[in-house]
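The structure under discussion appears below in the form of structure tokens.
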Amino acid sequence: MKNLNQNQTQLQKINTFAIHTLGCKVNLFESNVIRNDLLLNGLVEVPFDSKADVYIINTCSVTNKADSKSKLYIRKASRSNKNGIVVVAGCMSQINKDLMKELKIDIQIGNKFKYSIYDLLLNYSKNKEKILKIENLLKEKTFEKNESISFKENTRAFIKIQDGCNFMCSYCIIPFSRGRQRSNDLQIIISEIEKLVDEGFKEIVLTGVNTAGFLDKDKNNFFDLLFSINQIKKDFRVRVSSVEPFQINDKIVNLIASNPNRFCQHWHICLQSGSDSVLEKMNRRYVTSEYEQLINKIRAINPNTLFTTDYIVGFPSESENDHLESINFLKKIKFFDMHIFPYSKRVGTKSSNYKDIHDATKKERFKSIAALNFANKFSILKSKIGNELEVIFEHKNPSDKYYSGYSSEYCRVFVKSEYPLENKIYKVKIQKVLADGLFGIIQS
């Protein structure tokens, strides 16, 4: 940590900061690392819509809508304090070096140098010259080390185990904005988990751009990591973030599904389309029958497992028959929830050269997929009535006496309690379905 007294003259007008994060859990994790570094160096965090000396926007570029939102917050920062320093980082920043020409930005970095923002602020405050630091991450081979940082508003701790992706899906800009796959070291991750559990965290979330693609310098793979985590003799559970179906083998399935006390029985397995024709054009490396076989394997070991996924509506050349095939497949799998995205053209990807379909068609198909998703989720939640779910409680609603938390299966559960429940684990008997989850009574 820098000597604050030594830097006081340089930082006379840099006392407060505000940060806004768009996009995935990896971005959220990295924003918390940035936040922690600035707090340790004596800055005070304020809400993003208030006046701050520094505004940091950690951008996303997964869709055109994400780009628009990122630019919205950059402009908002400039309006909130015209003399404030605007720092832009993340995926949109990484692939758009000319952003400074379009918007009021003082420091622009991509997905590298996020953990150097404090030093960049010192440099800017001294020289008052704009800073642009963006490197080609396709050449990056080293995992950027950092400490594990828990999200402040939750009782869960997130560990970023890898970054980047080697799979060139035809619609995806991530390999260009995040670079090739690179991973943390297995032993470092294990040590971090043990430390976080000793600090009181009951749930550890493994996250990454391509989580199941974990492969460290010693050739330890994702199964090796999970096996090592399962050997830790401490009381905690592990949640795995998004994975690709073609990277999940029988050893991983058996380990997770057979150890429900250690691994959350919730899988987020990316699908993107339920049509084999569309999957081929997406360059997705599997067909629907293989995806279904994987789901059935997991359910055969633990029928209570819940599945979520990502789904793209209106991929270029998607026919009405492709759409109907997808709907039938989604009915068969019956996901607990889906992140549904209308297709968004990303310049530089293979699919940007394909003929797009009409926006009105996308909207209609989005509505039908969203309606199916709502019906599936309500049906699954209803099936939980009368069941007991083990819940880690996170926080209390300020306006009432209801606490909420998540079960292993990722069901949000509410209970009423006069006593504090934060970071406590209880079995809850489910009584009814609410608009945003389940309500139940703690079992003694």
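Chain identifiers are assigned as A, B, and so on, following the order in which chains appear in the structure tokens; residues are numbered from 1 within each chain, and ligands are numbered from 1 in order of appearance.
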
**Message:** Which residues are close to Asn166 in chain A, i.e. within 12 Å by only C-alpha atoms, leaving aside same-chain residues fewer than 4 positions away? Reply as a PyMOL selection string.
**Reply:** chain A and resi 137-139+141+162+172-182+209-211+213-214

For the selection you just gave me, I'd like the residues written to a file as a JSON list (two decimals), in the first residue's frame, keeping N, CA, C and O atoms.
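File written: part.json
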```json
[["chain", "number", "residue", "atom", "x", "y", "z"],
["A", 137, "LEU", "N", -4.97, -8.81, -25.55],
["A", 137, "LEU", "CA", -5.04, -9.91, -24.60],
["A", 137, "LEU", "C", -4.96, -11.28, -25.26],
["A", 137, "LEU", "O", -4.80, -12.30, -24.58],
["A", 138, "LEU", "N", -5.07, -11.34, -26.57],
["A", 138, "LEU", "CA", -4.90, -12.61, -27.27],
["A", 138, "LEU", "C", -3.47, -13.14, -27.10],
["A", 138, "LEU", "O", -3.21, -14.33, -27.27],
["A", 139, "LYS", "N", -2.55, -12.24, -26.75],
["A", 139, "LYS", "CA", -1.16, -12.62, -26.53],
["A", 139, "LYS", "C", -0.86, -12.87, -25.04],
["A", 139, "LYS", "O", 0.24, -13.30, -24.70],
["A", 141, "LYS", "N", -0.63, -14.64, -21.60],
["A", 141, "LYS", "CA", -0.54, -16.04, -21.19],
["A", 141, "LYS", "C", -0.56, -16.23, -19.68],
["A", 141, "LYS", "O", -0.64, -17.35, -19.19],
["A", 162, "GLN", "N", -10.10, -18.54, -13.22],
["A", 162, "GLN", "CA", -9.48, -18.44, -14.54],
["A", 162, "GLN", "C", -10.04, -17.26, -15.30],
["A", 162, "GLN", "O", -11.00, -16.62, -14.86],
["A", 172, "CYS", "N", -19.57, -14.51, -30.47],
["A", 172, "CYS", "CA", -19.02, -14.04, -29.20],
["A", 172, "CYS", "C", -17.75, -13.21, -29.36],
["A", 172, "CYS", "O", -16.81, -13.62, -30.04],
["A", 173, "ILE", "N", -17.71, -12.08, -28.66],
["A", 173, "ILE", "CA", -16.58, -11.17, -28.70],
["A", 173, "ILE", "C", -15.59, -11.43, -27.55],
["A", 173, "ILE", "O", -14.50, -10.88, -27.50],
["A", 174, "ILE", "N", -15.97, -12.34, -26.62],
["A", 174, "ILE", "CA", -15.20, -12.53, -25.39],
["A", 174, "ILE", "C", -13.73, -12.90, -25.62],
["A", 174, "ILE", "O", -12.85, -12.38, -24.94],
["A", 175, "PRO", "N", -13.40, -13.80, -26.57],
["A", 175, "PRO", "CA", -11.98, -14.10, -26.76],
["A", 175, "PRO", "C", -11.15, -12.86, -27.13],
["A", 175, "PRO", "O", -9.95, -12.80, -26.82],
["A", 176, "PHE", "N", -11.79, -11.87, -27.76],
["A", 176, "PHE", "CA", -11.08, -10.65, -28.14],
["A", 176, "PHE", "C", -11.01, -9.66, -26.97],
["A", 176, "PHE", "O", -10.05, -8.92, -26.83],
["A", 177, "SER", "N", -12.05, -9.66, -26.13],
["A", 177, "SER", "CA", -12.08, -8.71, -25.01],
["A", 177, "SER", "C", -11.42, -9.25, -23.75],
["A", 177, "SER", "O", -10.97, -8.49, -22.89],
["A", 178, "ARG", "N", -11.35, -10.58, -23.63],
["A", 178, "ARG", "CA", -10.78, -11.21, -22.43],
["A", 178, "ARG", "C", -9.49, -11.98, -22.72],
["A", 178, "ARG", "O", -8.75, -12.32, -21.79],
["A", 179, "GLY", "N", -9.25, -12.30, -23.99],
["A", 179, "GLY", "CA", -8.04, -13.03, -24.33],
["A", 179, "GLY", "C", -8.19, -14.53, -24.22],
["A", 179, "GLY", "O", -9.28, -15.06, -23.98],
["A", 180, "ARG", "N", -7.07, -15.22, -24.41],
["A", 180, "ARG", "CA", -7.05, -16.67, -24.33],
["A", 180, "ARG", "C", -7.12, -17.15, -22.89],
["A", 180, "ARG", "O", -6.85, -16.41, -21.95],
["A", 181, "GLN", "N", -7.43, -18.41, -22.75],
["A", 181, "GLN", "CA", -7.63, -18.99, -21.43],
["A", 181, "GLN", "C", -6.34, -19.06, -20.63],
["A", 181, "GLN", "O", -5.30, -19.46, -21.13],
["A", 182, "ARG", "N", -6.43, -18.65, -19.36],
["A", 182, "ARG", "CA", -5.32, -18.76, -18.42],
["A", 182, "ARG", "C", -5.90, -18.90, -17.01],
["A", 182, "ARG", "O", -6.97, -18.34, -16.73],
["A", 209, "VAL", "N", -14.36, -16.76, -16.76],
["A", 209, "VAL", "CA", -14.97, -16.56, -18.07],
["A", 209, "VAL", "C", -15.33, -17.92, -18.66],
["A", 209, "VAL", "O", -16.36, -18.08, -19.32],
["A", 210, "ASN", "N", -14.50, -18.91, -18.41],
["A", 210, "ASN", "CA", -14.72, -20.27, -18.89],
["A", 210, "ASN", "C", -14.36, -21.21, -17.75],
["A", 210, "ASN", "O", -13.35, -21.89, -17.78],
["A", 211, "THR", "N", -15.22, -21.22, -16.71],
["A", 211, "THR", "CA", -14.89, -21.81, -15.42],
["A", 211, "THR", "C", -14.39, -23.25, -15.52],
["A", 211, "THR", "O", -13.37, -23.61, -14.92],
["A", 213, "GLY", "N", -13.01, -24.68, -17.82],
["A", 213, "GLY", "CA", -11.78, -24.77, -18.59],
["A", 213, "GLY", "C", -10.54, -24.57, -17.74],
["A", 213, "GLY", "O", -9.44, -24.42, -18.28],
["A", 214, "PHE", "N", -10.71, -24.58, -16.42],
["A", 214, "PHE", "CA", -9.57, -24.41, -15.51],
["A", 214, "PHE", "C", -8.46, -25.40, -15.85],
["A", 214, "PHE", "O", -8.69, -26.60, -15.96]]
```

**Message:** Env of range 317-332 of chain A: 7 Å cut, atoms = only C-alpha atoms, seq-sep filter 4 positions within chain, self excluded. Answer as a list in words.
**Reply:**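 Counting only the stated atoms, we get Ser273, Gly274, Ser275, Val278, Lys355, Asp356 and Ile357 of chain A.
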
Which range 124-195 of chain A residues have any atom within 12 Å of an atom of range 14-20 of chain A, and for each, what is the nearest pair of atoms with distance in Å to one decimal, counting only C-alpha atoms, rows sorted by chain and number, as CSV?
```
residue,atom,partner,partner_atom,distance
A:Tyr124,CA,A:Ile14,CA,10.6
A:Ser125,CA,A:Ile14,CA,8.1
A:Lys126,CA,A:Ile14,CA,11.3
```

**Request:** Tell me, as a list in words, which residues lie within 9 Å of Ile229 in chain A, counting only C-alpha atoms; anything in the same chain fewer than 3 positions away does not count.
**Result:**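 My list of contacting residues is Ile189, Ile190, Ile193, Asp224, Leu225, Leu226, Ile232, Val238 and Arg262 of chain A.
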
Determine which residues of range 138-320 of chain A DSSP labels as strand (DSSP E) from the backbone of this structure, then write them out as a compact mmCIF listing (two decimals) with C-alpha atoms, in the first residue's frame.
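The file below, result-v6.txt, is the result:
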```
# COMPACT_ATOMS: atom_id res chain seq x y z
CA ILE A 149 -12.76 -10.47 -2.36
CA SER A 150 -16.25 -11.21 -1.05
CA ARG A 156 -20.85 -15.56 -0.26
CA ALA A 157 -17.22 -15.19 -1.32
CA PHE A 158 -16.26 -15.30 -4.99
CA ILE A 159 -12.98 -16.71 -6.27
CA LYS A 160 -11.91 -16.05 -9.84
CA ILE A 161 -10.17 -19.27 -10.88
CA GLN A 162 -9.48 -18.44 -14.54
CA ASP A 163 -9.85 -15.83 -17.26
CA ARG A 182 -5.32 -18.76 -18.42
CA SER A 183 -5.81 -20.02 -14.87
CA GLU A 203 -20.50 -20.44 0.54
CA ILE A 204 -17.66 -20.12 -1.96
CA VAL A 205 -18.43 -19.37 -5.61
CA LEU A 206 -15.96 -20.47 -8.28
CA THR A 207 -16.14 -18.07 -11.17
CA GLY A 208 -14.36 -17.40 -14.44
CA ARG A 237 -20.46 -25.34 0.36
CA VAL A 238 -19.26 -24.53 -3.15
CA ARG A 239 -21.27 -23.09 -6.02
CA VAL A 240 -19.92 -23.41 -9.54
CA HIS A 266 -27.46 -26.16 -9.14
CA TRP A 267 -25.81 -26.17 -12.57
CA HIS A 268 -25.67 -23.26 -14.98
CA LEU A 306 -31.97 -27.51 -10.75
CA PHE A 307 -30.58 -26.18 -14.02
CA THR A 308 -30.25 -22.68 -15.41
CA THR A 309 -28.84 -21.59 -18.76
CA ASP A 310 -28.13 -18.85 -21.31
CA TYR A 311 -30.21 -18.64 -24.46
CA ILE A 312 -29.91 -16.49 -27.60
CA VAL A 313 -33.10 -15.56 -29.45
```

**Item:** Backbone-only DSSP, alpha helix (DSSP H) members of range 109-159 of chain A, as a ChimeraX atom specification
**Value:** /A:117-127

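In this model, the gap between CA of Ser408 in chain A and CA of Ile441 in chain A comes to 16.9 Å.
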
**Request:** Write out as a ChimeraX atom specification each polymer residue whose atoms come within 6 Å of range 73-89 of chain A, counting only C-alpha atoms; drop sequence neighbours fewer than 5 positions from it.
**Result:** /A:51,53-59,105-110

**Request:** Tell me, in Å to one decimal, how far CA of Gln187 in chain A is from CA of Leu255 in chain A.
**Result:**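 Taking CA of Gln187 in chain A and CA of Leu255 in chain A, their separation equals 19.3 Å.
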